[in-house]
$ cat target.cif   # mmCIF, C-alpha atoms
data_coords
#
loop_
_atom_site.label_atom_id
_atom_site.label_comp_id
_atom_site.auth_asym_id
_atom_site.auth_seq_id
_atom_site.Cartn_x
_atom_site.Cartn_y
_atom_site.Cartn_z
CA MET A 1 -15.52 -18.02 -15.85
CA GLU A 2 -15.11 -17.21 -12.16
CA THR A 3 -15.37 -13.52 -11.31
CA ALA A 4 -13.40 -11.60 -8.67
CA LEU A 5 -14.00 -8.07 -7.40
CA ILE A 6 -10.85 -6.41 -6.07
CA ILE A 7 -11.55 -3.19 -4.18
CA GLY A 8 -8.55 -0.90 -4.55
CA ALA A 9 -6.87 -2.18 -7.71
CA SER A 10 -5.51 0.93 -9.41
CA ARG A 11 -1.87 0.26 -8.48
CA GLY A 12 0.45 -1.63 -6.16
CA LEU A 13 -0.73 -4.77 -4.43
CA GLY A 14 -4.34 -4.58 -5.61
CA HIS A 15 -3.28 -4.10 -9.23
CA ALA A 16 -0.81 -6.99 -8.98
CA ILE A 17 -3.48 -9.30 -7.51
CA THR A 18 -5.84 -8.32 -10.32
CA THR A 19 -3.15 -9.05 -12.91
CA GLU A 20 -2.38 -12.44 -11.36
CA LEU A 21 -6.04 -13.49 -11.20
CA ALA A 22 -6.65 -12.44 -14.80
CA GLY A 23 -3.56 -14.36 -15.84
CA ARG A 24 -5.02 -17.45 -14.21
CA GLY A 25 -8.19 -17.23 -16.27
CA ARG A 26 -10.45 -15.31 -13.92
CA HIS A 27 -12.67 -12.42 -14.87
CA VAL A 28 -11.71 -9.51 -12.61
CA ILE A 29 -13.49 -6.29 -11.73
CA GLY A 30 -11.10 -3.80 -10.16
CA THR A 31 -12.00 -0.50 -8.57
CA VAL A 32 -10.30 2.89 -8.71
CA ARG A 33 -11.01 5.92 -6.54
CA ASP A 34 -11.21 8.58 -9.25
CA PRO A 35 -13.28 7.65 -12.32
CA ALA A 36 -11.65 10.46 -14.31
CA ALA A 37 -8.01 9.49 -13.68
CA ARG A 38 -6.06 7.11 -15.89
CA THR A 39 -4.38 4.31 -13.91
CA PRO A 40 -2.36 1.14 -14.59
CA LEU A 41 -5.63 -0.77 -14.09
CA HIS A 42 -7.06 0.93 -17.18
CA ASP A 43 -4.03 -0.19 -19.19
CA LEU A 44 -4.49 -3.73 -17.92
CA ALA A 45 -8.19 -3.68 -18.84
CA ASP A 46 -7.44 -2.38 -22.35
CA ALA A 47 -5.07 -5.28 -22.98
CA SER A 48 -7.23 -7.99 -21.39
CA ASP A 49 -9.74 -8.80 -24.16
CA GLY A 50 -12.58 -8.02 -21.78
CA ARG A 51 -11.25 -10.13 -18.93
CA VAL A 52 -10.64 -7.10 -16.70
CA GLU A 53 -13.24 -4.42 -15.97
CA VAL A 54 -12.76 -1.07 -14.24
CA GLU A 55 -15.26 0.20 -11.68
CA HIS A 56 -14.97 3.20 -9.40
CA LEU A 57 -15.35 3.41 -5.63
CA ASP A 58 -13.84 5.58 -2.94
CA ILE A 59 -14.42 3.33 0.06
CA THR A 60 -14.39 6.33 2.41
CA GLU A 61 -17.46 7.73 0.66
CA PRO A 62 -20.48 5.66 1.81
CA ALA A 63 -22.77 7.35 -0.73
CA GLN A 64 -20.82 5.62 -3.54
CA LEU A 65 -21.67 2.13 -2.31
CA PRO A 66 -25.39 1.95 -3.27
CA PRO A 67 -24.69 2.94 -6.91
CA LEU A 68 -21.92 0.32 -7.15
CA ARG A 69 -24.20 -2.27 -5.64
CA GLU A 70 -26.83 -1.38 -8.23
CA ARG A 71 -24.34 -1.58 -11.10
CA LEU A 72 -23.28 -5.04 -9.92
CA ALA A 73 -26.82 -6.30 -9.33
CA GLY A 74 -27.27 -9.81 -10.67
CA ARG A 75 -23.53 -10.49 -10.92
CA ARG A 76 -21.96 -13.49 -9.18
CA LEU A 77 -18.74 -12.67 -7.35
CA ASP A 78 -16.76 -15.79 -6.56
CA LEU A 79 -14.22 -13.61 -4.76
CA LEU A 80 -14.79 -10.27 -3.04
CA PHE A 81 -11.50 -8.90 -1.71
CA VAL A 82 -11.02 -5.47 -0.16
CA ASN A 83 -7.44 -4.32 -0.63
CA ALA A 84 -7.72 -0.53 -0.20
CA GLY A 85 -5.87 0.97 2.75
CA THR A 86 -3.72 3.82 4.02
CA THR A 87 -1.29 4.75 6.78
CA ASN A 88 0.12 7.77 8.60
CA ASN A 89 3.66 8.75 9.64
CA PRO A 90 4.88 5.47 11.18
CA ALA A 91 7.23 7.20 13.60
CA THR A 92 4.55 9.30 15.33
CA PRO A 93 3.74 7.90 18.80
CA ILE A 94 0.04 7.54 19.54
CA GLY A 95 -0.03 10.48 21.97
CA GLU A 96 1.11 12.84 19.22
CA VAL A 97 -1.17 11.61 16.42
CA SER A 98 -3.68 14.21 15.30
CA THR A 99 -7.35 13.39 15.54
CA ALA A 100 -7.66 13.91 11.78
CA ASP A 101 -4.90 11.36 11.01
CA PHE A 102 -6.33 8.86 13.48
CA VAL A 103 -9.81 9.11 12.00
CA ASP A 104 -8.51 8.92 8.43
CA VAL A 105 -6.56 5.69 9.03
CA MET A 106 -9.29 4.05 11.11
CA VAL A 107 -12.09 4.92 8.70
CA THR A 108 -10.09 3.83 5.65
CA ASN A 109 -8.61 0.62 7.06
CA ALA A 110 -11.30 -0.67 9.43
CA LEU A 111 -14.76 0.85 8.95
CA SER A 112 -14.78 1.28 5.17
CA PRO A 113 -13.78 -2.29 4.25
CA MET A 114 -16.59 -3.62 6.44
CA ARG A 115 -19.08 -1.26 4.83
CA VAL A 116 -18.09 -2.64 1.44
CA ILE A 117 -18.36 -6.23 2.64
CA GLU A 118 -21.77 -5.67 4.24
CA ALA A 119 -23.05 -3.99 1.07
CA LEU A 120 -21.82 -6.60 -1.44
CA ALA A 121 -21.76 -9.89 0.50
CA HIS A 122 -25.07 -10.97 -1.04
CA LEU A 123 -23.33 -11.24 -4.44
CA VAL A 124 -20.91 -13.89 -3.15
CA PRO A 125 -22.25 -17.47 -3.26
CA ALA A 126 -21.69 -20.11 -0.60
CA ASP A 127 -18.74 -21.56 -2.52
CA GLY A 128 -17.07 -18.17 -2.86
CA LEU A 129 -14.83 -16.11 -0.58
CA ILE A 130 -15.02 -12.73 1.13
CA GLY A 131 -11.68 -11.33 2.23
CA ALA A 132 -9.84 -8.19 3.29
CA MET A 133 -6.22 -7.12 3.35
CA SER A 134 -5.10 -7.09 6.95
CA SER A 135 -1.49 -7.13 8.14
CA GLY A 136 0.77 -9.08 10.43
CA GLN A 137 1.10 -5.76 12.23
CA GLY A 138 -2.55 -6.14 13.22
CA SER A 139 -1.61 -9.13 15.39
CA ILE A 140 -1.76 -8.16 19.06
CA THR A 141 0.18 -11.29 20.02
CA ASN A 142 3.03 -10.52 17.65
CA ASN A 143 3.40 -6.83 18.52
CA THR A 144 6.68 -6.93 20.38
CA ALA A 145 8.43 -4.12 18.48
CA GLY A 146 5.89 -1.28 18.63
CA SER A 147 5.93 1.56 16.06
CA ARG A 148 3.28 2.19 13.36
CA GLU A 149 0.80 2.40 16.21
CA VAL A 150 -2.21 3.82 14.39
CA TYR A 151 -1.74 1.49 11.43
CA ARG A 152 -1.41 -1.50 13.74
CA GLY A 153 -4.50 -0.41 15.64
CA SER A 154 -6.53 -0.01 12.45
CA LYS A 155 -5.68 -3.51 11.24
CA ALA A 156 -6.41 -5.01 14.68
CA ALA A 157 -9.75 -3.18 14.54
CA LEU A 158 -10.44 -4.59 11.06
CA ASN A 159 -9.70 -8.08 12.38
CA MET A 160 -12.14 -7.64 15.26
CA LEU A 161 -14.87 -6.22 13.01
CA MET A 162 -14.43 -9.14 10.61
CA ARG A 163 -14.79 -11.55 13.51
CA GLY A 164 -18.05 -9.84 14.38
CA PHE A 165 -19.22 -10.24 10.80
CA ALA A 166 -18.15 -13.90 10.86
CA ALA A 167 -20.26 -14.51 13.96
CA ARG A 168 -23.31 -13.50 11.91
CA GLN A 169 -22.15 -15.42 8.80
CA ALA A 170 -21.07 -18.79 10.15
CA ASP A 171 -21.52 -20.60 6.83
CA ARG A 172 -19.29 -18.24 4.81
CA ALA A 173 -15.65 -18.55 3.78
CA LEU A 174 -13.91 -15.47 5.17
CA LEU A 175 -10.26 -14.46 5.11
CA LEU A 176 -7.99 -11.81 6.57
CA MET A 177 -4.70 -11.72 4.64
CA ALA A 178 -1.35 -10.75 6.16
CA PRO A 179 0.81 -10.41 3.03
CA GLY A 180 4.09 -9.41 4.65
CA TRP A 181 6.20 -6.30 4.13
CA ILE A 182 6.13 -5.69 0.39
CA ARG A 183 7.74 -2.99 -1.76
CA THR A 184 4.76 -0.83 -2.70
CA ALA A 185 3.85 2.83 -2.23
CA LEU A 186 2.48 1.87 1.18
CA GLY A 187 5.26 -0.55 2.13
CA GLY A 188 8.14 1.65 0.99
CA ASP A 189 11.48 0.94 -0.68
CA GLN A 190 12.98 -0.76 2.38
CA ALA A 191 10.49 -3.65 2.30
CA PRO A 192 12.26 -7.00 1.80
CA PHE A 193 9.75 -8.61 -0.57
CA THR A 194 8.74 -7.74 -4.13
CA LEU A 195 5.31 -7.92 -5.68
CA GLU A 196 6.55 -10.51 -8.15
CA GLU A 197 7.55 -13.00 -5.45
CA THR A 198 4.65 -12.47 -3.07
CA VAL A 199 1.50 -11.93 -5.14
CA PRO A 200 1.36 -15.44 -6.66
CA LEU A 201 1.51 -16.84 -3.12
CA ILE A 202 -1.26 -14.50 -1.97
CA VAL A 203 -3.47 -15.56 -4.85
CA ASP A 204 -2.74 -19.22 -4.10
CA VAL A 205 -4.08 -18.68 -0.57
CA LEU A 206 -7.17 -16.82 -1.79
CA LEU A 207 -8.10 -19.52 -4.28
CA ALA A 208 -7.42 -22.34 -1.81
CA LYS A 209 -9.83 -20.75 0.68
CA LEU A 210 -12.76 -20.52 -1.77
CA GLY A 211 -15.84 -22.25 -0.36
CA LYS A 212 -14.20 -23.28 2.94
CA PRO A 213 -16.44 -21.90 5.73
CA GLY A 214 -15.03 -20.01 8.67
CA LEU A 215 -12.82 -16.99 9.21
CA GLU A 216 -9.05 -17.39 9.03
CA PHE A 217 -6.19 -14.93 9.52
CA LEU A 218 -3.45 -16.21 7.20
CA ASP A 219 -0.13 -15.08 5.80
CA ARG A 220 0.94 -15.39 2.17
CA GLU A 221 2.11 -18.96 2.72
CA GLY A 222 -1.25 -20.01 4.14
CA LYS A 223 0.01 -20.16 7.71
CA THR A 224 -2.20 -18.98 10.59
CA VAL A 225 -1.30 -15.60 12.06
CA PRO A 226 -2.03 -15.27 15.82
CA TRP A 227 -4.72 -12.74 16.65
#

$ encode --input "target.cif" --output "structure tokens"
Amino acid sequence: METALIIGASRGLGHAITTELAGRGRHVIGTVRDPAARTPLHDLADASDGRVEVEHLDITEPAQLPPLRERLAGRRLDLLFVNAGTTNNPATPIGEVSTADFVDVMVTNALSPMRVIEALAHLVPADGLIGAMSSGQGSITNNTAGSREVYRGSKAALNMLMRGFAARQADRALLLMAPGWIRTALGGDQAPFTLEETVPLIVDVLLAKLGKPGLEFLDREGKTVPW
């Protein structure tokens, strides 16, 4: 049975991706930030007949990565996908953003996913896939509306860091996913798309990319997003 590791699966998009993969016959390991807190992922695991496992990782805490790597030693991960992310007040122009907010978003959305990927990439075989949740708002070409400046910058930074990783890993299948504006805690109630209509498409793209070398920046329909 193919195994996927979804980083940031306690709720929302990560939880929905985990549910979809498990429903398609994959074994899924999902991570939560707080090992002591009960989450929807725990409920999913309890009802999965062992198909879903719960691990813990706060991606902003580098000291938690070596223990996770040790716990996963010897496992084969056909899919490693980093979903965890955050944002700040979208209406705050960049000149008014506090240093603390800027650092929080950049560390969570750009640096931390790459730390996870660097630490766990050795568990993903050549016919697997390493991916991260980016955003269409990380496209420099498509930024004609402005707003959400720190969030946009963090996803553009993630894209650039992943390209750097790809330059050192030319034989790997790598993916940056732009899922669209989805109704989650991060996306908000005004988002036009639901989890139910978008997540199956996202998973289709992930599975189609398995074992296909090269880095791509794709939307949920598998179309290329301009950098």

$ atom_distance --input "target.cif" --atom1 "atom CA of A:Arg33" --atom2 "atom CA of A:Ala178"
23.1 Å

$ closest_residue --input "target.cif" --among "A:Ile6, A:Ala73, A:Ala110, A:Leu21" --to "A:Glu55" --atoms "all atoms listed in the file"
A:Ile6

$ closest_residue --input "target.cif" --among "A:Ala9, A:Leu218, A:Val124, A:Met114" --to "A:Leu175" --atoms "only C-alpha atoms"
A:Leu218

$ atom_distance --input "target.cif" --atom1 "atom CA of A:Asp78" --atom2 "atom CA of A:Ser154"
26.7 Å

$ resolve_selection --input "target.cif" --expression "the PyMOL selection byres ((chain A and resi 136) around 8)" --output "NGL selection string"
:A and (134-135 or 137-139 or 142 or 178-180 or 219 or 225)

$ closest_residue --input "target.cif" --among "A:Leu72, A:Leu176, A:Ala157, A:Ile182" --to "A:Lys223" --atoms "only C-alpha atoms"
A:Leu176

$ resolve_selection --input "target.cif" --expression "the PyMOL selection byres ((chain A and resi 198-200) around 8)" --output "ChimeraX atom specification"
/A:13,16-17,20,179,182,193-197,201-204,220

$ resolve_selection --input "target.cif" --expression "the PyMOL selection byres ((chain A and resi 166) around 12)" --output "PyMOL selection string"
chain A and resi 114+117-118+121+130-131+159-165+167-176+213-216

$ atom_distance --input "target.cif" --atom1 "atom CA of A:Leu57" --atom2 "atom CA of A:Pro125"
22.1 Å

$ residues_around --input "target.cif" --residues "A:Thr60" --least-positions-apart "5" --cutoff "12 Å" --atoms "only C-alpha atoms" --output "list in words"
Ile7, Gly8, Arg33, Leu65, Ala84, Gly85, Thr86, Val103, Asp104, Val105, Met106, Val107, Thr108, Asn109, Ala110, Leu111, Ser112, Pro113, Met114, Arg115 and Val116 of chain A

$ write_last_selection --input "target.cif" --atoms "C-alpha atoms" --output "PDB file, in the coordinates of the input"
ATOM      1  CA  ILE A   7     -11.550  -3.190  -4.180  1.00  0.00           C
ATOM      2  CA  GLY A   8      -8.550  -0.900  -4.550  1.00  0.00           C
ATOM      3  CA  ARG A  33     -11.010   5.920  -6.540  1.00  0.00           C
ATOM      4  CA  LEU A  65     -21.670   2.130  -2.310  1.00  0.00           C
ATOM      5  CA  ALA A  84      -7.720  -0.530  -0.200  1.00  0.00           C
ATOM      6  CA  GLY A  85      -5.870   0.970   2.750  1.00  0.00           C
ATOM      7  CA  THR A  86      -3.720   3.820   4.020  1.00  0.00           C
ATOM      8  CA  VAL A 103      -9.810   9.110  12.000  1.00  0.00           C
ATOM      9  CA  ASP A 104      -8.510   8.920   8.430  1.00  0.00           C
ATOM     10  CA  VAL A 105      -6.560   5.690   9.030  1.00  0.00           C
ATOM     11  CA  MET A 106      -9.290   4.050  11.110  1.00  0.00           C
ATOM     12  CA  VAL A 107     -12.090   4.920   8.700  1.00  0.00           C
ATOM     13  CA  THR A 108     -10.090   3.830   5.650  1.00  0.00           C
ATOM     14  CA  ASN A 109      -8.610   0.620   7.060  1.00  0.00           C
ATOM     15  CA  ALA A 110     -11.300  -0.670   9.430  1.00  0.00           C
ATOM     16  CA  LEU A 111     -14.760   0.850   8.950  1.00  0.00           C
ATOM     17  CA  SER A 112     -14.780   1.280   5.170  1.00  0.00           C
ATOM     18  CA  PRO A 113     -13.780  -2.290   4.250  1.00  0.00           C
ATOM     19  CA  MET A 114     -16.590  -3.620   6.440  1.00  0.00           C
ATOM     20  CA  ARG A 115     -19.080  -1.260   4.830  1.00  0.00           C
ATOM     21  CA  VAL A 116     -18.090  -2.640   1.440  1.00  0.00           C
TER      22      VAL A 116
END

$ residues_around --input "target.cif" --residues "A:Thr3" --least-positions-apart "6" --cutoff "6 Å" --atoms "all atoms listed in the file" --output "list in words"
Arg26, His27, Val28, Leu77 and Asp78 of chain A

$ closest_residue --input "target.cif" --among "A:Pro35, A:Gln64, A:Trp227, A:Ala119" --to "A:Lys155" --atoms "all atoms listed in the file"
A:Trp227

$ residues_around --input "target.cif" --residues "A:Asn88" --least-positions-apart "2" --cutoff "12 Å" --atoms "only C-alpha atoms" --output "MDAnalysis selection string"
chainID A and resid 85:86 90:94 96:106 108:109 147:154 186:187

$ closest_residue --input "target.cif" --among "A:Leu123, A:Val32, A:Ala145, A:Leu207" --to "A:His15" --atoms "only C-alpha atoms"
A:Val32

$ residues_around --input "target.cif" --residues "A:Leu41" --least-positions-apart "4" --cutoff "9 Å" --atoms "only C-alpha atoms" --output "PyMOL selection string"
chain A and resi 9-11+15+18-19+30-32+45-46+52-54

$ write_last_selection --input "target.cif" --atoms "C-alpha atoms" --output "PDB file, keeping the file's coordinate frame"
ATOM      1  CA  ALA A   9      -6.870  -2.180  -7.710  1.00  0.00           C
ATOM      2  CA  SER A  10      -5.510   0.930  -9.410  1.00  0.00           C
ATOM      3  CA  ARG A  11      -1.870   0.260  -8.480  1.00  0.00           C
ATOM      4  CA  HIS A  15      -3.280  -4.100  -9.230  1.00  0.00           C
ATOM      5  CA  THR A  18      -5.840  -8.320 -10.320  1.00  0.00           C
ATOM      6  CA  THR A  19      -3.150  -9.050 -12.910  1.00  0.00           C
ATOM      7  CA  GLY A  30     -11.100  -3.800 -10.160  1.00  0.00           C
ATOM      8  CA  THR A  31     -12.000  -0.500  -8.570  1.00  0.00           C
ATOM      9  CA  VAL A  32     -10.300   2.890  -8.710  1.00  0.00           C
ATOM     10  CA  ALA A  45      -8.190  -3.680 -18.840  1.00  0.00           C
ATOM     11  CA  ASP A  46      -7.440  -2.380 -22.350  1.00  0.00           C
ATOM     12  CA  VAL A  52     -10.640  -7.100 -16.700  1.00  0.00           C
ATOM     13  CA  GLU A  53     -13.240  -4.420 -15.970  1.00  0.00           C
ATOM     14  CA  VAL A  54     -12.760  -1.070 -14.240  1.00  0.00           C
TER      15      VAL A  54
END

$ decode --input "target.cif" --residues "stretch 106-137 of chain A" --atoms "N, CA and C atoms" --output "PDB file, in the first residue's frame"
ATOM      1  N   MET A 106       6.803  34.404   7.090  1.00  0.00           N
ATOM      2  CA  MET A 106       7.902  33.926   6.253  1.00  0.00           C
ATOM      3  C   MET A 106       8.503  32.621   6.771  1.00  0.00           C
ATOM      4  N   VAL A 107       8.672  32.531   8.083  1.00  0.00           N
ATOM      5  CA  VAL A 107       9.242  31.307   8.652  1.00  0.00           C
ATOM      6  C   VAL A 107       8.281  30.139   8.476  1.00  0.00           C
ATOM      7  N   THR A 108       6.990  30.378   8.710  1.00  0.00           N
ATOM      8  CA  THR A 108       6.002  29.302   8.609  1.00  0.00           C
ATOM      9  C   THR A 108       5.789  28.851   7.173  1.00  0.00           C
ATOM     10  N   ASN A 109       5.686  29.795   6.247  1.00  0.00           N
ATOM     11  CA  ASN A 109       5.289  29.465   4.877  1.00  0.00           C
ATOM     12  C   ASN A 109       6.441  29.165   3.932  1.00  0.00           C
ATOM     13  N   ALA A 110       7.639  29.676   4.216  1.00  0.00           N
ATOM     14  CA  ALA A 110       8.752  29.507   3.278  1.00  0.00           C
ATOM     15  C   ALA A 110       9.898  28.682   3.849  1.00  0.00           C
ATOM     16  N   LEU A 111      10.441  29.102   4.984  1.00  0.00           N
ATOM     17  CA  LEU A 111      11.601  28.400   5.542  1.00  0.00           C
ATOM     18  C   LEU A 111      11.229  27.029   6.096  1.00  0.00           C
ATOM     19  N   SER A 112      10.184  26.959   6.885  1.00  0.00           N
ATOM     20  CA  SER A 112       9.843  25.707   7.570  1.00  0.00           C
ATOM     21  C   SER A 112       9.479  24.569   6.619  1.00  0.00           C
ATOM     22  N   PRO A 113       8.679  24.800   5.563  1.00  0.00           N
ATOM     23  CA  PRO A 113       8.424  23.702   4.633  1.00  0.00           C
ATOM     24  C   PRO A 113       9.701  23.140   4.014  1.00  0.00           C
ATOM     25  N   MET A 114      10.660  24.010   3.713  1.00  0.00           N
ATOM     26  CA  MET A 114      11.902  23.534   3.108  1.00  0.00           C
ATOM     27  C   MET A 114      12.750  22.770   4.116  1.00  0.00           C
ATOM     28  N   ARG A 115      12.697  23.162   5.364  1.00  0.00           N
ATOM     29  CA  ARG A 115      13.392  22.380   6.396  1.00  0.00           C
ATOM     30  C   ARG A 115      12.832  20.966   6.472  1.00  0.00           C
ATOM     31  N   VAL A 116      11.509  20.863   6.416  1.00  0.00           N
ATOM     32  CA  VAL A 116      10.875  19.544   6.452  1.00  0.00           C
ATOM     33  C   VAL A 116      11.294  18.719   5.238  1.00  0.00           C
ATOM     34  N   ILE A 117      11.247  19.325   4.077  1.00  0.00           N
ATOM     35  CA  ILE A 117      11.591  18.614   2.842  1.00  0.00           C
ATOM     36  C   ILE A 117      13.042  18.160   2.862  1.00  0.00           C
ATOM     37  N   GLU A 118      13.943  19.026   3.281  1.00  0.00           N
ATOM     38  CA  GLU A 118      15.360  18.653   3.355  1.00  0.00           C
ATOM     39  C   GLU A 118      15.569  17.497   4.332  1.00  0.00           C
ATOM     40  N   ALA A 119      14.823  17.502   5.434  1.00  0.00           N
ATOM     41  CA  ALA A 119      15.022  16.493   6.476  1.00  0.00           C
ATOM     42  C   ALA A 119      14.462  15.130   6.096  1.00  0.00           C
ATOM     43  N   LEU A 120      13.397  15.098   5.269  1.00  0.00           N
ATOM     44  CA  LEU A 120      12.688  13.840   5.020  1.00  0.00           C
ATOM     45  C   LEU A 120      12.760  13.362   3.573  1.00  0.00           C
ATOM     46  N   ALA A 121      13.426  14.110   2.711  1.00  0.00           N
ATOM     47  CA  ALA A 121      13.463  13.759   1.285  1.00  0.00           C
ATOM     48  C   ALA A 121      14.047  12.382   1.043  1.00  0.00           C
ATOM     49  N   HIS A 122      14.972  11.954   1.916  1.00  0.00           N
ATOM     50  CA  HIS A 122      15.621  10.649   1.709  1.00  0.00           C
ATOM     51  C   HIS A 122      14.637   9.479   1.843  1.00  0.00           C
ATOM     52  N   LEU A 123      13.464   9.713   2.429  1.00  0.00           N
ATOM     53  CA  LEU A 123      12.467   8.658   2.586  1.00  0.00           C
ATOM     54  C   LEU A 123      11.584   8.490   1.349  1.00  0.00           C
ATOM     55  N   VAL A 124      11.712   9.426   0.402  1.00  0.00           N
ATOM     56  CA  VAL A 124      10.878   9.405  -0.802  1.00  0.00           C
ATOM     57  C   VAL A 124      11.667   8.785  -1.950  1.00  0.00           C
ATOM     58  N   PRO A 125      11.188   7.680  -2.530  1.00  0.00           N
ATOM     59  CA  PRO A 125      11.912   7.012  -3.608  1.00  0.00           C
ATOM     60  C   PRO A 125      11.817   7.792  -4.920  1.00  0.00           C
ATOM     61  N   ALA A 126      12.553   7.327  -5.914  1.00  0.00           N
ATOM     62  CA  ALA A 126      12.610   8.015  -7.198  1.00  0.00           C
ATOM     63  C   ALA A 126      11.252   8.080  -7.883  1.00  0.00           C
ATOM     64  N   ASP A 127      10.381   7.105  -7.621  1.00  0.00           N
ATOM     65  CA  ASP A 127       9.064   7.103  -8.247  1.00  0.00           C
ATOM     66  C   ASP A 127       7.997   7.742  -7.361  1.00  0.00           C
ATOM     67  N   GLY A 128       8.446   8.485  -6.355  1.00  0.00           N
ATOM     68  CA  GLY A 128       7.527   9.192  -5.476  1.00  0.00           C
ATOM     69  C   GLY A 128       7.386  10.654  -5.848  1.00  0.00           C
ATOM     70  N   LEU A 129       6.909  11.468  -4.895  1.00  0.00           N
ATOM     71  CA  LEU A 129       6.692  12.891  -5.132  1.00  0.00           C
ATOM     72  C   LEU A 129       6.913  13.670  -3.853  1.00  0.00           C
ATOM     73  N   ILE A 130       7.606  14.794  -3.972  1.00  0.00           N
ATOM     74  CA  ILE A 130       7.756  15.752  -2.882  1.00  0.00           C
ATOM     75  C   ILE A 130       7.040  17.024  -3.306  1.00  0.00           C
ATOM     76  N   GLY A 131       6.133  17.502  -2.473  1.00  0.00           N
ATOM     77  CA  GLY A 131       5.378  18.692  -2.836  1.00  0.00           C
ATOM     78  C   GLY A 131       5.122  19.602  -1.655  1.00  0.00           C
ATOM     79  N   ALA A 132       4.690  20.816  -1.967  1.00  0.00           N
ATOM     80  CA  ALA A 132       4.350  21.801  -0.932  1.00  0.00           C
ATOM     81  C   ALA A 132       3.171  22.634  -1.415  1.00  0.00           C
ATOM     82  N   MET A 133       2.378  23.085  -0.462  1.00  0.00           N
ATOM     83  CA  MET A 133       1.225  23.913  -0.774  1.00  0.00           C
ATOM     84  C   MET A 133       1.677  25.350  -0.985  1.00  0.00           C
ATOM     85  N   SER A 134       1.648  25.776  -2.231  1.00  0.00           N
ATOM     86  CA  SER A 134       1.942  27.164  -2.554  1.00  0.00           C
ATOM     87  C   SER A 134       0.614  27.901  -2.710  1.00  0.00           C
ATOM     88  N   SER A 135       0.555  28.829  -3.632  1.00  0.00           N
ATOM     89  CA  SER A 135      -0.670  29.590  -3.864  1.00  0.00           C
ATOM     90  C   SER A 135      -0.520  30.331  -5.179  1.00  0.00           C
ATOM     91  N   GLY A 136      -1.641  30.509  -5.872  1.00  0.00           N
ATOM     92  CA  GLY A 136      -1.618  31.366  -7.047  1.00  0.00           C
ATOM     93  C   GLY A 136      -1.196  32.776  -6.690  1.00  0.00           C
ATOM     94  N   GLN A 137      -1.380  33.154  -5.423  1.00  0.00           N
ATOM     95  CA  GLN A 137      -0.967  34.484  -4.984  1.00  0.00           C
ATOM     96  C   GLN A 137       0.547  34.593  -4.843  1.00  0.00           C
TER      97      GLN A 137
END
